[in-house]
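Notes follow once the structure below has been shown.
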Amino acid sequence: MKPILVATLVALAATLPSPTVQAAPKTAKRGAATAVNPPPAQTPADTAKALADPDRMALQSDLAWVGAYNGLINGEVSDRLVAAIKTFQKDNGTKQTGVLNPQERGALAQAAKALADHAGWKIGFDPINGIRLGLPTKLAPNQSNGATGSKWSSEQGQIQIETWRQKDASLTLAAVADREAKVVGRKVDYRTVNPQFFVLAGVQNLKKFYIRGEIKNNEVRGLTVLYDQATEGTMDPIVVLMSSAFTAFPTNGILPADSLPPRKLVEYSTGTVVSADGAILADRMAVDGCQSIIVPAFGNADRIAIDKVHDLALLRVYGAGGLKPLATAPAATKPGVTITGIADPQSQAGGAAASSVQATASATSAGADGALQPAPGIGFSGGAVVDSDGKFAGIALLKPAVIAAGNTPGAQGASPAPPQATLVSADAVQSFLKANNVAAAGGTGDAKASVLRVICVRK
């Protein structure tokens, strides 16, 4: 480099400010890395909480079906849920992480579905008390009515399910629990009572039992499940699911179609003869899905017309003689009425006698069905209703006591619960008969002579 250039650069450098150099902290050591705190590891509970609420409930339900989870199916994440996941993983020989990978979740869902299908699991309701419950319809296919509720049982009685209710102005949940615990032969191994519900479980003679009761106002509605100890491997998980499905007092709302009561293989109802040539009025739902409809002493009947608005069906038997049609000319209905029908054979020791019960009819808005209180027994649906003057008032239909979803009873704008028994008015009956060319002329005023048992046999 030339001397003059070097001198110039040196002079320029002397005019520039010196760079500032910060001393390293005294605690820092040369070459040491900057410390960074790693994020905390996600726990199995965190993973479960990240699921949508319906997915968490489905997970609890599936784990209950395989016998790994014993708790409320409510979507809440708990140590019990994580432990159940690990139990399922252990039983299937996979690593117990508490978090299901997609393959494990699919295997769990498939196993649960197979068990539910085998049991015939349905969400339905008790047609007498309106209790919503889950039922293993294949394990307990026989349905009947008890003193205060409905019963379902297996063929040999190894499994018995019963709903019940008690009502009294001075009733307390603790008193009902004490009374249930003291039933002869019961040994209570588990008991919990709180202001809303109680649960009892234990052994009754040679069976296991589970009882749940809930209170509202002055009424307690409950569920009792009895099952042979030999069936506990199947029934213990089902009882867990039944406990969560049990709703003693459903909130106002219409249940979805797949929540309708399980249809019985053989269902008994009443038909009202409306013409001498074999026309019979019946409950549409009672004769729905029948492989055959039988009117004892008159043979098979054909369903020739239905009214979906009022749930009426028109049946016809052919070549029948001696039928006594009821006079069905419309008349002004008075509140006090008589319902005539044929009770379920289990209610009358296998008999088929016609009987009558008293009720009060309350009209609703024009064109709508009225209400009947109290509701008659099982088998009366399709029965004839006459007023205090013996005039035809309509047809009685039994309907489940289901109330509309999303409405709070007593709240402004809430829909009232549909009545458990409805009255299809004489005017509605006449319109239906006229549309199907059934004349209303003549007929007897003796309702007992005009009602027949109708038997629906399903596949």
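Labels used: A, B, ... for chains in the order of the structure tokens, numbers from 1 for residues in each chain, and numbers from 1 for ligands as shown.
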TODO: Identify, on the basis of only C-alpha atoms, every residue whose closest approach to His118 in chain A does not exceed 10 Å; exclude the query and any residue fewer than 3 positions from it along the same chain; express the result as a VMD selection string.
DONE: chain A and resid 112 to 115 121 136 to 139
Task: Residue nearest Ala371 in chain A - candidates A:Ser388, A:Asp446, A:Leu423, A:Pro325, atoms counted: only C-alpha atoms - done: A:Leu423
TODO: Compile the contact shell of Ala116 in chain A as a VMD selection string: residues with an atom at most 12 Å away, counting only C-alpha atoms, same-chain residues fewer than 3 positions apart removed.
DONE: chain A and resid 61 to 66 109 to 113 119 to 123 134 to 139 234 to 235 237 to 238 241
Open item on the list: Residues within 10 Å of Trp164 in chain A, please, as a ChimeraX atom specification. Count only C-alpha atoms; anything in the same chain fewer than 5 positions from it doesn't count.
Closed with: /A:126,128-129,131,146-151,213,220-224,248
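Distance check against Val240 in chain A using only C-alpha atoms: of A:Lys448, A:Phe392, A:Ser431, A:Gly71, the minimum falls on A:Gly71.
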Task: Point-to-point distance in Å for CA of Glu214 in chain A and CA of Pro127 in chain A - done: 17.7 Å
Task: Picked from range 90-192 of chain A by DSSP as strand (DSSP E or B), as a ChimeraX atom specification - done: /A:121-125,132-136,142-145,150-153,159-167,186-192
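If you measure from each of A:Gln346, A:Ser269, A:Asn218, A:Gln420 to Leu171 in chain A using only C-alpha atoms, the closest one turns out to be A:Asn218.
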Task: helix (DSSP H, G or I) positions in range 156-276 of chain A, given as a count of residues only - done: 29
TODO: Fewer than 6 positions away in the same chain doesn't count, so skip those; otherwise give me all residues within 7 Å of Gly271 in chain A, counting only C-alpha atoms, as an NGL selection string.
DONE: :A and (280-282 or 382-383 or 451-454)
Open item on the list: Report, in Å to a single decimal, how far apart CA of Thr422 in chain A and CA of Ala396 in chain A are.
Closed with: 5.8 Å
Open item on the list: Need the shell around Gly379 in chain A: protein/DNA/RNA residues with any atom at most 7 Å away, counting only C-alpha atoms. Skip same-chain ones fewer than 4 positions apart. Format as JSON, numbers by chain?
Closed with: {"A": [268, 269, 270, 342, 343, 344]}
Open item on the list: Quick one: residues within 6 Å of Pro44 in chain A, only C-alpha atoms, excluding same-chain residues fewer than 2 positions away - as an MDAnalysis selection string?
Closed with: chainID A and resid 46:47 98:99
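If you measure from each of A:Gly289, A:Gly350, A:Gly443, A:Pro330 to Cys456 in chain A using only C-alpha atoms, the closest one turns out to be A:Gly289.
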